[in-house]
file my_file_13.txt (compact mmCIF, N, CA and C atoms)
# COMPACT_ATOMS: atom_id res chain seq x y z
N MET A 1 7.72 43.99 21.95
CA MET A 1 7.35 42.70 21.42
C MET A 1 5.82 42.65 21.28
N GLN A 2 5.35 42.05 20.19
CA GLN A 2 3.91 41.97 19.96
C GLN A 2 3.28 40.92 20.84
N GLN A 3 2.04 41.16 21.21
CA GLN A 3 1.30 40.20 22.00
C GLN A 3 0.97 38.98 21.12
N GLY A 4 1.10 37.79 21.71
CA GLY A 4 0.76 36.56 20.99
C GLY A 4 1.91 36.00 20.17
N TRP A 5 3.13 36.50 20.34
CA TRP A 5 4.27 36.06 19.54
C TRP A 5 4.61 34.59 19.75
N ALA A 6 4.27 34.02 20.89
CA ALA A 6 4.63 32.63 21.18
C ALA A 6 3.53 31.64 20.82
N LEU A 7 2.39 32.14 20.37
CA LEU A 7 1.30 31.24 20.01
C LEU A 7 1.63 30.49 18.72
N ARG A 8 1.21 29.23 18.69
CA ARG A 8 1.43 28.44 17.48
C ARG A 8 0.57 28.98 16.35
N GLN A 9 1.16 28.99 15.18
CA GLN A 9 0.41 29.43 14.01
C GLN A 9 0.10 28.20 13.18
N THR A 10 -1.07 28.18 12.61
CA THR A 10 -1.45 27.04 11.79
C THR A 10 -0.79 27.16 10.43
N LYS A 11 -0.34 26.02 9.93
CA LYS A 11 0.27 26.00 8.61
C LYS A 11 -0.79 25.62 7.59
N LYS A 12 -0.69 26.20 6.44
CA LYS A 12 -1.60 25.84 5.36
C LYS A 12 -1.08 24.53 4.78
N SER A 13 -1.94 23.53 4.74
CA SER A 13 -1.51 22.25 4.18
C SER A 13 -1.66 22.30 2.67
N THR A 14 -0.69 21.74 2.00
CA THR A 14 -0.70 21.69 0.54
C THR A 14 -0.51 20.24 0.11
N PRO A 15 -1.07 19.87 -1.02
CA PRO A 15 -0.88 18.50 -1.50
C PRO A 15 0.59 18.26 -1.87
N TYR A 16 0.99 17.02 -1.77
CA TYR A 16 2.35 16.67 -2.15
C TYR A 16 2.51 16.89 -3.65
N SER A 17 3.69 17.32 -4.07
CA SER A 17 3.93 17.56 -5.49
C SER A 17 3.91 16.23 -6.25
N ASN A 18 3.61 16.31 -7.55
CA ASN A 18 3.60 15.11 -8.39
C ASN A 18 4.98 14.46 -8.41
N LYS A 19 6.02 15.29 -8.39
CA LYS A 19 7.39 14.78 -8.40
C LYS A 19 7.67 13.98 -7.12
N ALA A 20 7.22 14.51 -5.99
CA ALA A 20 7.42 13.83 -4.71
C ALA A 20 6.63 12.53 -4.66
N ARG A 21 5.40 12.57 -5.15
CA ARG A 21 4.56 11.36 -5.18
C ARG A 21 5.21 10.27 -6.03
N ALA A 22 5.68 10.65 -7.23
CA ALA A 22 6.31 9.68 -8.13
C ALA A 22 7.56 9.09 -7.49
N PHE A 23 8.36 9.93 -6.83
CA PHE A 23 9.58 9.47 -6.18
C PHE A 23 9.25 8.47 -5.07
N LEU A 24 8.26 8.80 -4.24
CA LEU A 24 7.88 7.90 -3.15
C LEU A 24 7.26 6.60 -3.66
N GLU A 25 6.50 6.69 -4.72
CA GLU A 25 5.92 5.48 -5.29
C GLU A 25 7.01 4.57 -5.86
N ASP A 26 8.05 5.16 -6.45
CA ASP A 26 9.19 4.37 -6.94
C ASP A 26 9.90 3.69 -5.77
N LEU A 27 10.10 4.42 -4.68
CA LEU A 27 10.74 3.83 -3.49
C LEU A 27 9.90 2.70 -2.92
N PHE A 28 8.58 2.92 -2.87
CA PHE A 28 7.67 1.89 -2.35
C PHE A 28 7.74 0.65 -3.23
N GLN A 29 7.72 0.87 -4.55
CA GLN A 29 7.78 -0.25 -5.49
C GLN A 29 9.11 -1.00 -5.36
N GLU A 30 10.18 -0.26 -5.16
CA GLU A 30 11.50 -0.89 -4.96
C GLU A 30 11.47 -1.82 -3.75
N GLY A 31 10.87 -1.35 -2.67
CA GLY A 31 10.74 -2.18 -1.46
C GLY A 31 9.85 -3.38 -1.70
N PHE A 32 8.80 -3.19 -2.49
CA PHE A 32 7.87 -4.29 -2.79
C PHE A 32 8.56 -5.36 -3.63
N VAL A 33 9.32 -4.94 -4.63
CA VAL A 33 10.02 -5.89 -5.51
C VAL A 33 11.11 -6.64 -4.75
N ASN A 34 11.85 -5.92 -3.90
CA ASN A 34 12.93 -6.53 -3.12
C ASN A 34 12.42 -7.30 -1.90
N LYS A 35 11.10 -7.21 -1.65
CA LYS A 35 10.47 -7.84 -0.49
C LYS A 35 11.11 -7.37 0.82
N ARG A 36 11.51 -6.11 0.83
CA ARG A 36 12.12 -5.50 2.01
C ARG A 36 11.62 -4.05 2.09
N LYS A 37 10.74 -3.79 3.06
CA LYS A 37 10.17 -2.45 3.19
C LYS A 37 11.28 -1.43 3.47
N LEU A 38 11.14 -0.27 2.85
CA LEU A 38 12.10 0.80 3.07
C LEU A 38 11.68 1.59 4.31
N ASN A 39 12.62 1.82 5.18
CA ASN A 39 12.39 2.61 6.39
C ASN A 39 12.07 4.05 5.97
N PRO A 40 11.01 4.66 6.51
CA PRO A 40 10.68 6.04 6.14
C PRO A 40 11.80 7.04 6.41
N LYS A 41 12.61 6.80 7.44
CA LYS A 41 13.73 7.72 7.70
C LYS A 41 14.77 7.60 6.59
N GLU A 42 15.00 6.38 6.09
CA GLU A 42 15.92 6.18 4.97
C GLU A 42 15.35 6.82 3.71
N ALA A 43 14.04 6.70 3.51
CA ALA A 43 13.39 7.33 2.35
C ALA A 43 13.55 8.85 2.42
N GLU A 44 13.44 9.41 3.62
CA GLU A 44 13.63 10.85 3.79
C GLU A 44 15.05 11.25 3.40
N LYS A 45 16.04 10.47 3.82
CA LYS A 45 17.44 10.76 3.47
C LYS A 45 17.63 10.70 1.96
N ARG A 46 17.05 9.67 1.34
CA ARG A 46 17.17 9.54 -0.12
C ARG A 46 16.51 10.71 -0.84
N MET A 47 15.38 11.15 -0.32
CA MET A 47 14.67 12.26 -0.93
C MET A 47 15.51 13.53 -0.85
N ARG A 48 16.13 13.77 0.28
CA ARG A 48 16.96 14.97 0.45
C ARG A 48 18.21 14.92 -0.41
N ALA A 49 18.73 13.70 -0.66
CA ALA A 49 19.96 13.55 -1.43
C ALA A 49 19.71 13.39 -2.93
N ALA A 50 18.46 13.21 -3.35
CA ALA A 50 18.14 12.96 -4.76
C ALA A 50 18.58 14.14 -5.63
N GLN A 51 19.25 13.79 -6.72
CA GLN A 51 19.71 14.81 -7.65
C GLN A 51 19.38 14.42 -9.08
N GLU A 52 19.25 15.44 -9.90
CA GLU A 52 19.00 15.23 -11.33
C GLU A 52 19.89 16.23 -12.07
N HIS A 53 20.79 15.73 -12.89
CA HIS A 53 21.73 16.56 -13.66
C HIS A 53 22.56 17.45 -12.73
N GLY A 54 22.96 16.91 -11.57
CA GLY A 54 23.80 17.65 -10.63
C GLY A 54 23.06 18.63 -9.75
N ASN A 55 21.76 18.80 -9.95
CA ASN A 55 20.96 19.71 -9.11
C ASN A 55 20.05 18.89 -8.22
N THR A 56 19.72 19.47 -7.06
CA THR A 56 18.80 18.75 -6.18
C THR A 56 17.46 18.60 -6.89
N LEU A 57 16.86 17.46 -6.70
CA LEU A 57 15.61 17.12 -7.38
C LEU A 57 14.41 17.87 -6.79
N PHE A 58 14.44 18.11 -5.48
CA PHE A 58 13.28 18.70 -4.80
C PHE A 58 13.61 20.06 -4.21
N LEU A 59 12.66 20.96 -4.33
CA LEU A 59 12.76 22.25 -3.65
C LEU A 59 12.52 22.02 -2.16
N PRO A 60 12.98 22.91 -1.31
CA PRO A 60 12.78 22.71 0.14
C PRO A 60 11.31 22.52 0.53
N ASN A 61 10.39 23.22 -0.14
CA ASN A 61 8.98 23.08 0.22
C ASN A 61 8.37 21.78 -0.31
N GLU A 62 9.10 21.03 -1.15
CA GLU A 62 8.61 19.75 -1.67
C GLU A 62 9.09 18.57 -0.83
N LEU A 63 10.08 18.81 0.03
CA LEU A 63 10.63 17.72 0.84
C LEU A 63 9.63 17.31 1.91
N LEU A 64 9.56 16.01 2.16
CA LEU A 64 8.65 15.48 3.18
C LEU A 64 9.47 14.90 4.32
N ASN A 65 8.92 14.94 5.53
CA ASN A 65 9.61 14.33 6.66
C ASN A 65 9.22 12.86 6.76
N TYR A 66 9.91 12.13 7.62
CA TYR A 66 9.70 10.68 7.69
C TYR A 66 8.28 10.32 8.12
N ARG A 67 7.63 11.16 8.92
CA ARG A 67 6.25 10.86 9.32
C ARG A 67 5.30 10.96 8.13
N GLN A 68 5.51 12.01 7.32
CA GLN A 68 4.68 12.16 6.13
C GLN A 68 4.91 10.99 5.17
N ILE A 69 6.17 10.57 5.04
CA ILE A 69 6.51 9.46 4.15
C ILE A 69 5.89 8.16 4.65
N ALA A 70 5.97 7.93 5.97
CA ALA A 70 5.36 6.72 6.54
C ALA A 70 3.85 6.71 6.27
N SER A 71 3.22 7.86 6.43
CA SER A 71 1.79 7.97 6.19
C SER A 71 1.48 7.72 4.71
N TYR A 72 2.30 8.28 3.83
CA TYR A 72 2.07 8.09 2.40
C TYR A 72 2.26 6.63 2.01
N PHE A 73 3.31 5.98 2.53
CA PHE A 73 3.53 4.55 2.28
C PHE A 73 2.34 3.73 2.76
N SER A 74 1.80 4.11 3.92
CA SER A 74 0.65 3.41 4.48
C SER A 74 -0.55 3.52 3.54
N ARG A 75 -0.76 4.72 2.98
CA ARG A 75 -1.88 4.92 2.05
C ARG A 75 -1.68 4.14 0.75
N ILE A 76 -0.42 4.07 0.27
CA ILE A 76 -0.15 3.29 -0.94
C ILE A 76 -0.46 1.81 -0.68
N ALA A 77 0.00 1.31 0.48
CA ALA A 77 -0.24 -0.09 0.83
C ALA A 77 -1.74 -0.36 0.95
N GLN A 78 -2.46 0.57 1.56
CA GLN A 78 -3.91 0.41 1.71
C GLN A 78 -4.59 0.39 0.35
N LYS A 79 -4.18 1.28 -0.55
CA LYS A 79 -4.75 1.30 -1.90
C LYS A 79 -4.53 -0.03 -2.60
N ARG A 80 -3.33 -0.58 -2.44
CA ARG A 80 -3.02 -1.85 -3.09
C ARG A 80 -3.85 -2.99 -2.50
N ARG A 81 -4.07 -2.95 -1.19
CA ARG A 81 -4.91 -3.98 -0.57
C ARG A 81 -6.35 -3.86 -1.08
N VAL A 82 -6.82 -2.62 -1.21
CA VAL A 82 -8.17 -2.39 -1.70
C VAL A 82 -8.29 -2.90 -3.15
N GLU A 83 -7.29 -2.57 -3.95
CA GLU A 83 -7.31 -3.00 -5.35
C GLU A 83 -7.28 -4.52 -5.48
N SER A 84 -6.60 -5.18 -4.54
CA SER A 84 -6.54 -6.64 -4.59
C SER A 84 -7.78 -7.27 -3.94
N GLY A 85 -8.65 -6.42 -3.35
CA GLY A 85 -9.89 -6.93 -2.75
C GLY A 85 -9.72 -7.32 -1.29
N ALA A 86 -8.60 -6.98 -0.67
CA ALA A 86 -8.35 -7.37 0.72
C ALA A 86 -9.09 -6.48 1.71
N GLU A 87 -9.36 -5.22 1.38
CA GLU A 87 -10.04 -4.30 2.28
C GLU A 87 -11.03 -3.45 1.50
N THR A 88 -11.87 -2.76 2.24
CA THR A 88 -12.78 -1.81 1.61
C THR A 88 -12.23 -0.41 1.82
N LEU A 89 -12.69 0.53 1.00
CA LEU A 89 -12.25 1.91 1.13
C LEU A 89 -12.73 2.49 2.46
N PRO A 90 -11.89 3.32 3.14
CA PRO A 90 -12.28 3.87 4.43
C PRO A 90 -13.46 4.83 4.35
N THR A 91 -13.47 5.74 3.37
CA THR A 91 -14.59 6.67 3.24
C THR A 91 -14.86 6.89 1.76
N ALA A 92 -16.11 6.99 1.42
CA ALA A 92 -16.47 7.22 0.02
C ALA A 92 -16.20 8.67 -0.33
N GLY A 93 -15.64 8.88 -1.50
CA GLY A 93 -15.41 10.23 -1.99
C GLY A 93 -14.14 10.89 -1.48
N SER A 94 -13.33 10.21 -0.68
CA SER A 94 -12.10 10.83 -0.20
C SER A 94 -11.01 10.64 -1.24
N THR A 95 -10.14 11.66 -1.35
CA THR A 95 -9.02 11.56 -2.29
C THR A 95 -7.76 11.95 -1.57
N ASP A 96 -6.62 11.43 -2.06
CA ASP A 96 -5.33 11.78 -1.47
C ASP A 96 -4.87 13.17 -1.87
N ASP A 97 -5.54 13.79 -2.86
CA ASP A 97 -5.16 15.13 -3.27
C ASP A 97 -5.69 16.19 -2.32
N ASP A 98 -6.64 15.83 -1.48
CA ASP A 98 -7.25 16.75 -0.54
C ASP A 98 -6.34 16.89 0.68
N PRO A 99 -5.79 18.09 0.94
CA PRO A 99 -4.88 18.27 2.08
C PRO A 99 -5.53 17.90 3.41
N ALA A 100 -6.82 18.17 3.57
CA ALA A 100 -7.50 17.84 4.83
C ALA A 100 -7.51 16.33 5.03
N VAL A 101 -7.70 15.57 3.95
CA VAL A 101 -7.69 14.11 4.05
C VAL A 101 -6.29 13.63 4.39
N GLU A 102 -5.27 14.25 3.76
CA GLU A 102 -3.89 13.87 4.07
C GLU A 102 -3.58 14.12 5.54
N ASP A 103 -4.00 15.28 6.07
CA ASP A 103 -3.77 15.59 7.47
C ASP A 103 -4.47 14.58 8.37
N GLU A 104 -5.70 14.22 8.03
CA GLU A 104 -6.46 13.25 8.81
C GLU A 104 -5.75 11.90 8.81
N HIS A 105 -5.27 11.48 7.63
CA HIS A 105 -4.52 10.22 7.54
C HIS A 105 -3.26 10.28 8.39
N ASP A 106 -2.55 11.43 8.35
CA ASP A 106 -1.34 11.58 9.15
C ASP A 106 -1.65 11.42 10.63
N LEU A 107 -2.75 12.06 11.09
CA LEU A 107 -3.12 11.96 12.50
C LEU A 107 -3.50 10.53 12.88
N GLN A 108 -4.23 9.84 11.99
CA GLN A 108 -4.61 8.46 12.28
C GLN A 108 -3.38 7.57 12.34
N ASP A 109 -2.45 7.74 11.38
CA ASP A 109 -1.24 6.92 11.36
C ASP A 109 -0.38 7.20 12.58
N GLU A 110 -0.30 8.47 12.98
CA GLU A 110 0.49 8.83 14.15
C GLU A 110 -0.12 8.19 15.40
N ALA A 111 -1.44 8.18 15.50
CA ALA A 111 -2.10 7.57 16.66
C ALA A 111 -1.82 6.07 16.70
N ILE A 112 -1.76 5.43 15.55
CA ILE A 112 -1.47 4.00 15.49
C ILE A 112 -0.10 3.71 16.09
N PHE A 113 0.87 4.61 15.85
CA PHE A 113 2.22 4.40 16.36
C PHE A 113 2.36 4.83 17.81
N ILE A 114 1.67 5.87 18.22
CA ILE A 114 1.83 6.42 19.57
C ILE A 114 1.23 5.50 20.63
N GLU A 115 0.06 4.93 20.38
CA GLU A 115 -0.61 4.11 21.38
C GLU A 115 0.25 2.91 21.82
N PRO A 116 0.82 2.12 20.89
CA PRO A 116 1.66 1.00 21.34
C PRO A 116 2.91 1.47 22.08
N VAL A 117 3.47 2.62 21.68
CA VAL A 117 4.66 3.14 22.36
C VAL A 117 4.30 3.52 23.79
N ASP A 118 3.16 4.18 23.98
CA ASP A 118 2.72 4.54 25.32
C ASP A 118 2.53 3.30 26.19
N GLU A 119 1.93 2.25 25.61
CA GLU A 119 1.74 1.01 26.36
C GLU A 119 3.08 0.39 26.73
N LEU A 120 4.03 0.41 25.81
CA LEU A 120 5.35 -0.14 26.08
C LEU A 120 6.06 0.63 27.19
N LEU A 121 5.99 1.96 27.14
CA LEU A 121 6.63 2.77 28.18
C LEU A 121 6.00 2.52 29.54
N LEU A 122 4.69 2.36 29.60
CA LEU A 122 4.01 2.06 30.85
C LEU A 122 4.45 0.69 31.37
N ASP A 123 4.55 -0.28 30.47
CA ASP A 123 4.98 -1.62 30.85
C ASP A 123 6.41 -1.60 31.38
N ILE A 124 7.28 -0.84 30.73
CA ILE A 124 8.68 -0.73 31.18
C ILE A 124 8.72 -0.08 32.56
N ALA A 125 7.94 0.97 32.75
CA ALA A 125 7.94 1.67 34.03
C ALA A 125 7.47 0.77 35.17
N THR A 126 6.47 -0.07 34.91
CA THR A 126 5.94 -0.92 35.97
C THR A 126 6.85 -2.11 36.26
N HIS A 127 7.68 -2.52 35.29
CA HIS A 127 8.56 -3.68 35.48
C HIS A 127 10.02 -3.28 35.45
N GLN A 128 10.33 -2.03 35.76
CA GLN A 128 11.68 -1.51 35.63
C GLN A 128 12.69 -2.28 36.48
N SER A 129 12.37 -2.58 37.72
CA SER A 129 13.32 -3.28 38.58
C SER A 129 13.58 -4.69 38.06
N GLU A 130 12.58 -5.33 37.48
CA GLU A 130 12.76 -6.67 36.93
C GLU A 130 13.64 -6.64 35.68
N LEU A 131 13.57 -5.56 34.94
CA LEU A 131 14.32 -5.47 33.69
C LEU A 131 15.81 -5.25 33.93
N PHE A 132 16.17 -4.50 34.97
CA PHE A 132 17.55 -4.10 35.14
C PHE A 132 18.32 -4.83 36.23
N LEU A 133 17.63 -5.60 37.06
CA LEU A 133 18.32 -6.31 38.12
C LEU A 133 18.15 -7.82 37.94
N PRO A 134 19.25 -8.60 38.01
CA PRO A 134 19.09 -10.05 37.96
C PRO A 134 18.33 -10.52 39.20
N ASP A 135 17.79 -11.73 39.15
CA ASP A 135 16.97 -12.25 40.25
C ASP A 135 17.69 -12.19 41.59
N ASP A 136 18.94 -12.65 41.66
CA ASP A 136 19.65 -12.66 42.93
C ASP A 136 20.12 -11.27 43.34
N ALA A 137 20.26 -10.35 42.40
CA ALA A 137 20.73 -9.01 42.72
C ALA A 137 19.62 -8.15 43.31
N SER A 138 18.36 -8.46 43.02
CA SER A 138 17.27 -7.63 43.53
C SER A 138 17.21 -7.69 45.05
N ALA A 139 17.44 -8.86 45.62
CA ALA A 139 17.43 -8.98 47.08
C ALA A 139 18.62 -8.21 47.67
N THR A 140 19.78 -8.32 47.03
CA THR A 140 20.96 -7.58 47.49
C THR A 140 20.71 -6.09 47.40
N HIS A 141 20.10 -5.65 46.31
CA HIS A 141 19.80 -4.23 46.11
C HIS A 141 18.85 -3.72 47.19
N GLU A 142 17.84 -4.50 47.54
CA GLU A 142 16.89 -4.09 48.57
C GLU A 142 17.59 -3.96 49.92
N ARG A 143 18.49 -4.93 50.24
CA ARG A 143 19.20 -4.86 51.52
C ARG A 143 20.13 -3.65 51.56
N SER A 144 20.86 -3.40 50.46
CA SER A 144 21.82 -2.29 50.46
C SER A 144 21.09 -0.95 50.50
N SER A 145 19.93 -0.82 49.83
CA SER A 145 19.20 0.44 49.89
C SER A 145 18.64 0.66 51.27
N HIS A 146 18.27 -0.41 51.97
CA HIS A 146 17.74 -0.29 53.33
C HIS A 146 18.85 0.22 54.25
N ARG A 147 20.08 -0.28 54.08
CA ARG A 147 21.20 0.15 54.92
C ARG A 147 21.50 1.62 54.72
N HIS A 148 21.41 2.12 53.48
CA HIS A 148 21.74 3.51 53.21
C HIS A 148 20.71 4.49 53.77
N ARG A 149 19.53 4.02 54.02
CA ARG A 149 18.49 4.91 54.56
C ARG A 149 18.69 5.14 56.04
N MET A 150 19.29 4.22 56.73
CA MET A 150 19.44 4.34 58.19
C MET A 150 20.45 5.37 58.57
call {"tool": "encode", "arguments": {"input": "my_file_13.txt", "output": "structure tokens"}}
result
Amino acid sequence: MQQGWALRQTKKSTPYSNKARAFLEDLFQEGFVNKRKLNPKEAEKRMRAAQEHGNTLFLPNELLNYRQIASYFSRIAQKRRVESGAETLPTAGSTDDDPAVEDEHDLQDEAIFIEPVDELLLDIATHQSELFLPDDASATHERSSHRHRM
């Protein structure tokens, strides 16, 4: 076996295909018109199932996962807010065609989702007994656990 076989290898990032971009923009617009945001996991399922003339619409390397789709939807929404004058552009000269910018956006979007989840898990861990035991049962639970230790 070669040395270093278990080390992670970096993937070359490539821009999303025009076909994938158009498909995702149509899905985003559909959600905007219906006033009901499309779940990125549902968008991923639709992308995998999309067909044209009985053939799959996307090659395997064109398919995006739900995290990439969520990030792309976020960028579309941000562009629309900027166009409507609600926000300013994050950085001058950045484009969505640049894979490095896409990766940076993905990391920023992922951090936005991870931080609240971590806070929620910490909150659950610190209040676990309150969440799972009714008020009168907590005293009973403490007495019964004390008996089992003796």
call {"tool": "closest_residue", "arguments": {"input": "my_file_13.txt", "among": "A:Ser17, A:Gln51, A:Glu25, A:Arg8", "to": "Arg75 of chain A", "atoms": "only C-alpha atoms"}}
result
A:Glu25
call {"tool": "atom_distance", "arguments": {"input": "my_file_13.txt", "atom1": "atom CA of Ala49 of chain A", "atom2": "atom CA of Arg36 of chain A"}}
result
20.9 Å
call {"tool": "atom_distance", "arguments": {"input": "my_file_13.txt", "atom1": "atom CA of Phe28 of chain A", "atom2": "atom CA of Lys12 of chain A"}}
result
26.8 Å
call {"tool": "atom_distance", "arguments": {"input": "my_file_13.txt", "atom1": "atom CA of Asp26 of chain A", "atom2": "atom N of Gly85 of chain A"}}
result
21.2 Å
